[in-house]
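Containing mmCIF, C-alpha atoms and all ligand atoms: entry_5.cif.
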data_my_file
loop_
_atom_site.label_atom_id
_atom_site.label_comp_id
_atom_site.auth_asym_id
_atom_site.auth_seq_id
_atom_site.Cartn_x
_atom_site.Cartn_y
_atom_site.Cartn_z
CA MET A 1 19.96 -122.54 62.83
CA LYS A 2 18.41 -121.25 59.63
CA VAL A 3 14.67 -121.87 59.87
CA LEU A 4 11.90 -121.58 57.29
CA VAL A 5 8.59 -120.75 58.99
CA VAL A 6 5.60 -121.33 56.73
CA GLY A 7 2.60 -119.46 58.11
CA GLY A 8 4.97 -117.22 60.09
CA THR A 9 2.75 -114.11 60.00
CA GLY A 10 -0.11 -115.93 61.75
CA TYR A 11 -0.90 -115.94 65.46
CA ILE A 12 1.27 -118.86 66.59
CA GLY A 13 3.81 -118.67 63.75
CA SER A 14 4.71 -115.04 64.56
CA HIS A 15 5.34 -115.96 68.22
CA ALA A 16 7.56 -118.86 67.08
CA VAL A 17 9.46 -116.45 64.82
CA LEU A 18 9.98 -114.07 67.75
CA GLU A 19 11.28 -116.90 69.93
CA LEU A 20 13.75 -117.96 67.19
CA LEU A 21 14.96 -114.38 66.70
CA LYS A 22 15.46 -113.88 70.44
CA ASP A 23 17.69 -116.96 70.38
CA ASP A 24 19.67 -115.51 67.41
CA HIS A 25 18.55 -117.81 64.64
CA GLU A 26 18.08 -116.83 61.01
CA VAL A 27 14.40 -116.82 60.00
CA VAL A 28 12.74 -116.91 56.59
CA VAL A 29 8.93 -116.66 56.44
CA LEU A 30 6.65 -117.84 53.64
CA ASP A 31 3.00 -116.83 53.99
CA ASN A 32 0.04 -116.13 51.70
CA LEU A 33 -1.39 -113.63 54.24
CA SER A 34 -4.79 -115.34 54.06
CA THR A 35 -5.20 -115.05 57.85
CA GLY A 36 -1.76 -113.70 58.74
CA ARG A 37 -0.85 -110.03 58.83
CA LYS A 38 1.90 -107.95 57.28
CA THR A 39 2.24 -106.12 60.61
CA SER A 40 3.43 -109.39 62.15
CA ILE A 41 6.48 -109.54 59.89
CA LEU A 42 9.21 -108.88 62.38
CA GLU A 43 12.39 -106.98 61.65
CA LYS A 44 15.33 -109.19 60.62
CA VAL A 45 13.00 -111.69 58.93
CA THR A 46 13.27 -112.42 55.21
CA PHE A 47 9.68 -112.53 53.98
CA TYR A 48 8.30 -114.24 50.89
CA TYR A 49 4.70 -113.78 49.88
CA GLY A 50 3.52 -117.13 48.54
CA ASP A 51 1.32 -120.16 48.91
CA ILE A 52 2.45 -123.65 49.91
CA THR A 53 -0.16 -125.21 47.63
CA LYS A 54 1.68 -123.63 44.68
CA LYS A 55 4.78 -125.57 43.72
CA GLU A 56 6.43 -122.55 42.04
CA ASP A 57 6.08 -120.42 45.21
CA LEU A 58 7.74 -123.09 47.35
CA PHE A 59 10.41 -123.80 44.76
CA ASN A 60 11.30 -120.11 44.50
CA VAL A 61 11.89 -119.76 48.28
CA PHE A 62 13.97 -122.93 48.53
CA LEU A 63 15.99 -122.03 45.44
CA GLU A 64 16.71 -118.46 46.51
CA GLU A 65 17.50 -119.32 50.12
CA CYS A 66 19.26 -122.67 49.84
CA LYS A 67 21.84 -121.33 47.41
CA LYS A 68 22.88 -118.95 50.23
CA LYS A 69 22.58 -121.52 53.05
CA PRO A 70 20.23 -124.53 53.28
CA PHE A 71 17.48 -124.55 55.90
CA ASP A 72 18.27 -126.57 59.01
CA VAL A 73 14.63 -126.87 60.04
CA VAL A 74 11.25 -126.11 58.47
CA MET A 75 8.34 -125.16 60.75
CA HIS A 76 4.84 -125.53 59.39
CA PHE A 77 1.91 -123.41 60.67
CA ALA A 78 0.14 -122.75 57.34
CA SER A 79 -3.29 -124.29 57.85
CA LYS A 80 -6.93 -123.52 57.78
CA LEU A 81 -8.22 -124.24 61.28
CA LEU A 82 -11.90 -123.54 61.80
CA VAL A 83 -13.74 -126.70 62.77
CA GLY A 84 -17.18 -125.45 61.66
CA GLU A 85 -15.88 -124.18 58.33
CA SER A 86 -14.15 -127.50 57.72
CA MET A 87 -17.51 -129.28 58.10
CA SER A 88 -19.07 -127.17 55.33
CA MET A 89 -16.04 -126.92 53.00
CA PRO A 90 -13.88 -130.03 53.47
CA SER A 91 -12.45 -129.75 49.96
CA GLU A 92 -10.65 -126.47 50.81
CA TYR A 93 -9.30 -128.08 53.99
CA TYR A 94 -7.86 -131.09 52.19
CA GLN A 95 -6.43 -128.84 49.47
CA ASN A 96 -4.78 -126.35 51.82
CA ASN A 97 -3.82 -128.53 54.76
CA VAL A 98 -2.96 -131.84 53.08
CA GLU A 99 -1.87 -130.87 49.56
CA GLY A 100 0.11 -127.97 51.03
CA VAL A 101 2.05 -130.31 53.32
CA ARG A 102 2.66 -132.84 50.53
CA LEU A 103 4.16 -130.16 48.30
CA LEU A 104 6.19 -128.78 51.19
CA LEU A 105 7.65 -132.22 51.98
CA ASP A 106 8.40 -132.89 48.31
CA THR A 107 10.17 -129.55 47.97
CA MET A 108 12.18 -130.32 51.12
CA ARG A 109 13.20 -133.62 49.52
CA GLU A 110 14.23 -131.90 46.31
CA PHE A 111 16.55 -129.60 48.26
CA ASN A 112 17.69 -132.31 50.69
CA ILE A 113 16.19 -130.55 53.75
CA LYS A 114 15.55 -133.19 56.40
CA ASN A 115 13.93 -131.65 59.50
CA ILE A 116 10.33 -130.56 59.96
CA ILE A 117 8.29 -129.30 62.91
CA PHE A 118 4.57 -129.73 62.25
CA SER A 119 1.67 -128.10 64.08
CA SER A 120 -1.03 -130.67 64.74
CA THR A 121 -3.92 -130.43 67.16
CA ALA A 122 -5.82 -132.06 70.00
CA ALA A 123 -8.61 -132.47 67.41
CA VAL A 124 -6.85 -135.65 66.21
CA TYR A 125 -8.04 -137.36 69.42
CA GLY A 126 -11.70 -136.74 68.56
CA ASN A 127 -13.87 -137.61 71.57
CA PRO A 128 -11.26 -139.11 73.87
CA ILE A 129 -12.34 -141.93 76.16
CA ASN A 130 -10.29 -140.46 78.99
CA GLY A 131 -10.18 -136.74 79.71
CA VAL A 132 -6.39 -136.72 79.71
CA CYS A 133 -4.87 -137.42 76.28
CA TYR A 134 -1.62 -139.33 75.89
CA GLU A 135 0.24 -139.29 72.58
CA GLU A 136 -0.24 -143.04 72.05
CA ASP A 137 -4.03 -142.86 72.55
CA LEU A 138 -6.51 -143.82 69.86
CA LEU A 139 -6.81 -141.14 67.17
CA LYS A 140 -10.32 -140.65 65.86
CA PRO A 141 -11.00 -137.12 64.59
CA ILE A 142 -14.63 -136.12 64.33
CA ASN A 143 -14.32 -133.28 61.82
CA PRO A 144 -12.44 -132.66 58.55
CA TYR A 145 -10.05 -130.20 60.23
CA GLY A 146 -8.80 -132.86 62.68
CA GLU A 147 -8.81 -135.46 59.92
CA THR A 148 -6.58 -133.35 57.64
CA LYS A 149 -4.10 -132.98 60.49
CA LEU A 150 -4.07 -136.71 61.11
CA VAL A 151 -3.51 -137.39 57.40
CA CYS A 152 -0.53 -134.99 57.55
CA GLU A 153 0.86 -136.65 60.67
CA ASN A 154 0.77 -140.01 58.89
CA MET A 155 2.17 -138.58 55.66
CA ILE A 156 5.10 -137.09 57.57
CA LYS A 157 5.74 -140.45 59.28
CA TRP A 158 5.75 -142.35 55.96
CA TYR A 159 7.97 -139.75 54.25
CA SER A 160 10.33 -139.93 57.19
CA LYS A 161 10.67 -143.72 56.82
CA ALA A 162 11.06 -143.66 53.04
CA TYR A 163 13.21 -140.56 52.60
CA ASP A 164 15.12 -140.38 55.89
CA MET A 165 13.41 -137.22 57.10
CA HIS A 166 13.06 -136.25 60.78
CA TYR A 167 10.15 -134.64 62.53
CA VAL A 168 8.64 -133.30 65.70
CA ILE A 169 4.86 -133.22 65.51
CA PHE A 170 3.26 -131.02 68.16
CA ARG A 171 -0.38 -131.52 69.11
CA TYR A 172 -1.60 -128.23 70.53
CA PHE A 173 -4.44 -127.88 72.99
CA ASN A 174 -6.10 -124.46 73.46
CA VAL A 175 -3.64 -121.71 72.67
CA ALA A 176 -4.23 -118.16 73.95
CA GLY A 177 -2.55 -115.02 75.25
CA ALA A 178 -0.04 -112.66 73.66
CA ASP A 179 3.65 -111.87 73.86
CA SER A 180 4.47 -109.39 76.64
CA SER A 181 5.58 -106.74 74.09
CA LEU A 182 1.94 -106.73 72.87
CA GLU A 183 3.36 -106.22 69.35
CA ILE A 184 1.91 -109.51 68.06
CA GLY A 185 -1.14 -111.51 69.05
CA TYR A 186 -4.42 -113.11 68.03
CA ASN A 187 -5.90 -111.92 64.74
CA TYR A 188 -9.17 -110.25 65.77
CA ASN A 189 -9.91 -109.33 62.14
CA LYS A 190 -10.85 -112.91 61.29
CA LYS A 191 -14.32 -113.52 59.79
CA VAL A 192 -15.31 -115.60 62.80
CA ILE A 193 -13.77 -115.68 66.26
CA THR A 194 -14.36 -119.07 67.82
CA HIS A 195 -11.70 -119.19 70.55
CA LEU A 196 -13.04 -118.72 74.09
CA ILE A 197 -10.33 -116.52 75.60
CA PRO A 198 -10.36 -113.86 72.82
CA ILE A 199 -14.16 -113.79 73.11
CA VAL A 200 -13.95 -113.38 76.89
CA ALA A 201 -11.35 -110.58 76.41
CA GLU A 202 -13.72 -108.71 74.08
CA THR A 203 -16.57 -109.14 76.57
CA ILE A 204 -14.48 -107.71 79.42
CA LEU A 205 -13.60 -104.72 77.23
CA ASN A 206 -17.29 -104.19 76.29
CA ILE A 207 -16.54 -104.83 72.61
CA ARG A 208 -19.19 -107.54 72.99
CA ASP A 209 -22.24 -107.23 75.26
CA LYS A 210 -22.13 -110.87 76.22
CA PHE A 211 -21.15 -114.26 74.90
CA THR A 212 -22.74 -117.69 74.80
CA VAL A 213 -21.52 -120.64 76.83
CA PHE A 214 -22.30 -123.68 74.71
CA GLY A 215 -24.04 -126.02 77.15
CA ASP A 216 -23.91 -126.49 80.92
CA ASP A 217 -25.01 -130.10 81.07
CA TYR A 218 -21.71 -131.81 80.34
CA ASN A 219 -20.35 -134.53 82.56
CA THR A 220 -18.17 -132.16 84.61
CA GLU A 221 -18.56 -130.70 88.09
CA ASP A 222 -20.14 -127.41 86.96
CA GLY A 223 -21.58 -128.81 83.73
CA THR A 224 -19.39 -126.77 81.33
CA CYS A 225 -16.65 -128.22 79.13
CA ILE A 226 -13.16 -128.54 80.51
CA ARG A 227 -10.18 -127.61 78.31
CA ASP A 228 -6.43 -127.26 78.66
CA TYR A 229 -5.06 -123.76 77.92
CA ILE A 230 -1.47 -122.97 77.04
CA HIS A 231 0.10 -119.51 76.65
CA VAL A 232 1.23 -118.85 73.09
CA SER A 233 4.69 -117.78 74.31
CA ASP A 234 5.13 -121.10 76.14
CA LEU A 235 4.03 -122.88 72.97
CA ALA A 236 6.50 -120.86 70.89
CA HIS A 237 9.29 -121.73 73.30
CA ALA A 238 8.49 -125.44 72.89
CA HIS A 239 9.04 -124.97 69.14
CA LEU A 240 12.51 -123.61 69.74
CA LEU A 241 13.26 -126.62 71.96
CA GLY A 242 11.77 -128.96 69.33
CA ALA A 243 13.85 -127.41 66.53
CA LYS A 244 17.07 -127.79 68.54
CA TYR A 245 16.10 -131.35 69.47
CA ILE A 246 15.62 -132.45 65.87
CA TRP A 247 18.61 -130.45 64.60
CA ASP A 248 20.78 -132.26 67.17
CA GLY A 249 19.89 -135.53 65.42
CA ASN A 250 17.44 -136.96 67.97
CA ASP A 251 14.64 -139.39 67.10
CA SER A 252 11.44 -138.17 65.49
CA THR A 253 8.57 -137.85 67.92
CA ILE A 254 5.01 -136.64 68.58
CA ILE A 255 4.42 -134.39 71.58
CA ASN A 256 1.32 -132.86 73.17
CA LEU A 257 1.58 -129.19 74.07
CA GLY A 258 -0.71 -128.27 76.90
CA SER A 259 -0.41 -127.42 80.57
CA ASN A 260 -1.75 -130.69 82.03
CA ASN A 261 -4.45 -128.59 83.76
CA GLY A 262 -8.10 -128.43 82.86
CA TYR A 263 -10.38 -125.41 83.33
CA SER A 264 -14.11 -125.44 82.79
CA VAL A 265 -15.69 -122.54 80.90
CA LYS A 266 -17.15 -121.32 84.20
CA GLU A 267 -13.71 -121.45 85.81
CA ILE A 268 -12.33 -119.35 82.94
CA ILE A 269 -15.12 -116.83 83.54
CA GLU A 270 -14.32 -116.83 87.26
CA ALA A 271 -10.63 -116.16 86.53
CA ALA A 272 -11.52 -113.46 83.97
CA LEU A 273 -13.62 -111.57 86.55
CA LYS A 274 -10.31 -110.36 88.01
CA CYS A 275 -9.95 -108.25 84.83
CA GLY A 276 -13.55 -106.97 84.62
CA ASP A 277 -17.20 -107.96 84.18
CA VAL A 278 -18.04 -110.92 81.99
CA ASN A 279 -21.64 -111.16 80.80
CA TYR A 280 -22.71 -114.46 79.37
CA VAL A 281 -25.75 -116.59 78.61
CA ILE A 282 -26.04 -120.35 78.55
CA GLY A 283 -26.87 -121.69 75.10
CA GLU A 284 -27.23 -125.05 73.39
CA ARG A 285 -24.37 -127.54 73.19
CA ARG A 286 -22.28 -127.47 70.01
CA ALA A 287 -22.08 -130.72 68.07
CA GLY A 288 -18.97 -132.75 68.78
CA ASP A 289 -17.65 -130.99 71.91
CA PRO A 290 -16.11 -133.57 74.27
CA ASP A 291 -16.67 -133.11 78.05
CA VAL A 292 -13.00 -132.92 78.95
CA LEU A 293 -9.85 -132.41 76.89
CA ILE A 294 -6.56 -132.19 78.78
CA ALA A 295 -3.02 -132.85 77.54
CA SER A 296 -0.66 -135.13 79.32
CA ASN A 297 2.53 -133.06 79.07
CA GLN A 298 4.80 -135.73 80.48
CA ARG A 299 6.46 -136.44 77.14
CA ALA A 300 7.15 -132.73 76.56
CA LYS A 301 8.81 -132.64 79.98
CA ASP A 302 10.77 -135.86 79.49
CA ILE A 303 12.00 -135.27 75.96
CA LEU A 304 12.26 -131.49 75.65
CA HIS A 305 12.51 -130.59 79.36
CA PHE A 306 9.63 -128.25 78.63
CA GLU A 307 7.86 -126.46 81.48
CA THR A 308 5.11 -123.89 81.12
CA LYS A 309 6.00 -120.47 82.50
CA TYR A 310 2.56 -118.84 82.34
CA ASN A 311 -0.65 -119.75 84.19
CA ILE A 312 -4.28 -119.16 83.32
CA ASP A 313 -4.29 -115.66 84.88
CA ASP A 314 -1.28 -114.68 82.74
CA ILE A 315 -3.03 -116.03 79.66
CA ILE A 316 -6.21 -114.03 80.27
CA THR A 317 -4.44 -110.83 81.37
CA SER A 318 -2.16 -110.77 78.33
CA GLU A 319 -5.08 -111.46 75.98
CA VAL A 320 -7.10 -108.59 77.48
CA ALA A 321 -4.06 -106.26 77.32
CA TYR A 322 -3.42 -107.11 73.68
CA ARG A 323 -7.08 -106.64 72.69
CA LYS A 324 -7.17 -103.34 74.57
CA LYS A 325 -4.07 -102.14 72.74
CA LEU A 326 -5.71 -102.89 69.38
CA GLY A 327 -8.53 -100.51 70.36
N1 LIG A 401 -4.87 -121.44 67.49
C1 LIG A 401 -5.05 -122.60 68.12
O1 LIG A 401 -5.61 -122.64 69.23
C2 LIG A 401 -4.54 -123.89 67.51
C3 LIG A 401 -4.83 -125.10 68.17
C4 LIG A 401 -4.35 -126.29 67.62
C5 LIG A 401 -3.59 -126.27 66.46
N2 LIG A 401 -3.34 -125.09 65.84
C6 LIG A 401 -2.53 -125.12 64.59
O2 LIG A 401 -1.53 -124.12 64.65
C7 LIG A 401 -1.23 -123.62 63.35
C8 LIG A 401 -1.25 -122.11 63.38
O3 LIG A 401 -2.50 -121.66 63.86
P1 LIG A 401 -2.80 -120.12 64.14
O4 LIG A 401 -3.79 -120.05 65.26
O5 LIG A 401 -1.53 -119.37 64.24
O6 LIG A 401 -3.56 -119.73 62.79
P2 LIG A 401 -3.42 -118.46 61.85
O7 LIG A 401 -4.58 -118.52 60.91
O8 LIG A 401 -3.24 -117.23 62.67
O9 LIG A 401 -2.06 -118.76 61.08
C9 LIG A 401 -1.96 -119.53 59.91
C10 LIG A 401 -0.97 -118.83 59.00
O10 LIG A 401 -0.74 -119.61 57.84
C11 LIG A 401 -0.93 -118.82 56.66
N3 LIG A 401 -1.39 -119.75 55.62
C12 LIG A 401 -2.51 -120.50 55.61
N4 LIG A 401 -2.57 -121.25 54.49
C13 LIG A 401 -1.44 -120.95 53.78
C14 LIG A 401 -0.92 -121.40 52.53
N5 LIG A 401 -1.59 -122.26 51.77
N6 LIG A 401 0.27 -120.91 52.11
C15 LIG A 401 0.96 -120.00 52.85
N7 LIG A 401 0.50 -119.54 54.05
C16 LIG A 401 -0.68 -120.01 54.49
C17 LIG A 401 -1.93 -117.76 57.06
O11 LIG A 401 -1.89 -116.60 56.26
C18 LIG A 401 -1.48 -117.47 58.51
O12 LIG A 401 -0.43 -116.53 58.54
C19 LIG A 401 -2.25 -124.27 62.42
O13 LIG A 401 -1.62 -125.32 61.75
C20 LIG A 401 -3.32 -124.81 63.35
O14 LIG A 401 -3.94 -125.94 62.83
C21 LIG A 401 -3.80 -123.91 66.32
#

Target format structure tokens, applied to this file:
Amino acid sequence: MKVLVVGGTGYIGSHAVLELLKDDHEVVVLDNLSTGRKTSILEKVTFYYGDITKKEDLFNVFLEECKKKPFDVVMHFASKLLVGESMSMPSEYYQNNVEGVRLLLDTMREFNIKNIIFSSTAAVYGNPINGVCYEEDLLKPINPYGETKLVCENMIKWYSKAYDMHYVIFRYFNVAGADSSLEIGYNYNKKVITHLIPIVAETILNIRDKFTVFGDDYNTEDGTCIRDYIHVSDLAHAHLLGAKYIWDGNDSTIINLGSNNGYSVKEIIEAALKCGDVNYVIGERRAGDPDVLIASNQRAKDILHFETKYNIDDIITSEVAYRKKLG
């Protein structure tokens, strides 16, 4: 396959690129390097610096590349994704996440490219009534980030009906860990780090003195929130399976990507103690955090025959190793 990966220098996108390269596919990356890194541009990749909210940038990549050989699949990772930031600057989120996808889809149409893999999120479920989320559950995002993803999901569905396009939409749960080469991983240079496992890794390595657990009075056994964690390499592998699935002409679909297991924050701390000390304090709850968020991964198993390879210990160990390597 020839695959265009937009946002391919970011955390998840670079792991998807690696997975495609390992399976001998041709990869073109378009990225504006807003949160991605040049060091994540892997050998054998054709890289274009550009922004998907700029029509001319998209047009240039499609024109240059499609005259050689059209893309078989486009993978989209190019989003803004901080929930808190989205609450204070929704306009930037709609512009980047929604307008970017609209222009991408329109450019695909112009060049007759039919297949898209889109990275959505568990945030589209909002505060789920049940802890375990199924793809057909009610979607009720509670922040602009989740809302922009839901708008994109719907836009992709309508485009697919009207213009005969095909899609796999993946809803990710909590993604963490790093590829075993430790060459690519989470971007620790971000303005704010909000993901639990990178924060725990930095605490183990004494880069942070301690971290704050947001609330221990949730409706769970130990009072801390329960989340579903998936290793980024497992997630990347699911993208390869998804790309092959859609390229083979199968029906468009929406699939959760998680492990079907929930861990409370205290259970994550317990697991992390195997790597070193973890100092923490209990703080106030954050607004809008549901008690439990776990993915049903039945559809991923049924449709893509997807199984996770890595467990929570692998996720934490690889995250700590990657952070340690960065120094
Ligand atoms: N990290 C998670 O736990 C998580 C969970 C659920 C969903 N997701 C989704 O996965 C995708 C990738 O997330 P990530 O963690 O790798 O984030 P990231 O910030 O590391 O990667 C995003 C990439 O897209 C690029 N980008 C952003 N806007 C762009 C634009 N307008 N034009 C061109 N490039 C642009 C950035 O430079 C970066 O390389 C996002 O769509 C996000 O919503 C992530």

### Task
Would you list the contacts of range 221-228 of chain A as a ChimeraX atom specification, taking every protein, DNA or RNA residue within 6 Å and counting all atoms listed in the file, but skipping same-chain residues closer than 6 positions in sequence?
/A:174,261-265,291-294

### Task
Find the residue from A:Ile184, A:Ile303, A:Val151, A:Val213 that sits nearest to Tyr280 in chain A; use all atoms listed in the file when measuring.
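Smallest separation from Tyr280 in chain A among the options: A:Val213.
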
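Residue nearest Met108 in chain A, chosen from A:Tyr218, A:Tyr229, A:Trp158, A:Phe62 and counting all atoms listed in the file: A:Phe62.
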
Could you list, as a compact mmCIF listing (two decimals) with C-alpha atoms, in the frame of the given file, all protein and nucleic acid residues with an atom at most 7 Å from ligand LIG 401 (chain A), counting only C-alpha atoms and all ligand atoms?
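Done, and the output landed in out.txt:
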# COMPACT_ATOMS: atom_id res chain seq x y z
CA VAL A 6 5.60 -121.33 56.73
CA GLY A 7 2.60 -119.46 58.11
CA GLY A 8 4.97 -117.22 60.09
CA THR A 9 2.75 -114.11 60.00
CA GLY A 10 -0.11 -115.93 61.75
CA TYR A 11 -0.90 -115.94 65.46
CA ILE A 12 1.27 -118.86 66.59
CA GLY A 13 3.81 -118.67 63.75
CA LEU A 30 6.65 -117.84 53.64
CA ASP A 31 3.00 -116.83 53.99
CA ASN A 32 0.04 -116.13 51.70
CA LEU A 33 -1.39 -113.63 54.24
CA SER A 34 -4.79 -115.34 54.06
CA THR A 35 -5.20 -115.05 57.85
CA GLY A 36 -1.76 -113.70 58.74
CA ARG A 37 -0.85 -110.03 58.83
CA GLY A 50 3.52 -117.13 48.54
CA ASP A 51 1.32 -120.16 48.91
CA ILE A 52 2.45 -123.65 49.91
CA THR A 53 -0.16 -125.21 47.63
CA HIS A 76 4.84 -125.53 59.39
CA PHE A 77 1.91 -123.41 60.67
CA ALA A 78 0.14 -122.75 57.34
CA SER A 79 -3.29 -124.29 57.85
CA LYS A 80 -6.93 -123.52 57.78
CA LEU A 81 -8.22 -124.24 61.28
CA ASN A 96 -4.78 -126.35 51.82
CA GLY A 100 0.11 -127.97 51.03
CA SER A 119 1.67 -128.10 64.08
CA SER A 120 -1.03 -130.67 64.74
CA THR A 121 -3.92 -130.43 67.16
CA ALA A 122 -5.82 -132.06 70.00
CA ARG A 171 -0.38 -131.52 69.11
CA TYR A 172 -1.60 -128.23 70.53
CA PHE A 173 -4.44 -127.88 72.99
CA ASN A 174 -6.10 -124.46 73.46
CA VAL A 175 -3.64 -121.71 72.67
CA ALA A 176 -4.23 -118.16 73.95
CA TYR A 186 -4.42 -113.11 68.03
CA ASN A 187 -5.90 -111.92 64.74

### Message
Quick check, in Å to one decimal: how far apart do CA of Gly276 in chain A and CA of Ala178 in chain A lie?
### Response
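CA of Gly276 in chain A sits 18.3 Å away from CA of Ala178 in chain A.
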
#### Entry: Option closest in space to Ile113 in chain A, from A:Leu4, A:Cys133, A:Val101, A:Ile199 [counting only C-alpha atoms]
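Checking each candidate against Ile113 in chain A, we get A:Leu4 as the closest.
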
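When only C-alpha atoms are used to compute distances to Gly242 in chain A, the closest of the residues A:Phe211, A:Tyr145, A:Tyr163, A:Phe118 turns out to be A:Phe118.
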
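Using all atoms listed in the file, the nearest neighbour of Lys55 in chain A within the list A:Lys22, A:Asp106, A:Asp234, A:Met89 is A:Asp106.
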
### Query
So which one's closest to Ser318 in chain A, A:Ser181, A:Ser252, A:Asn279, A:Asn260? Using only C-alpha atoms, please.
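Of A:Ser181, A:Ser252, A:Asn279, A:Asn260, the one nearest Ser318 in chain A is A:Ser181, counting only C-alpha atoms.
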
### Query
What does the distance between CA of Asp277 in chain A and CA of Ile204 in chain A come to in Å, to one decimal place?
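Between CA of Asp277 in chain A and CA of Ile204 in chain A the gap works out to 5.5 Å.
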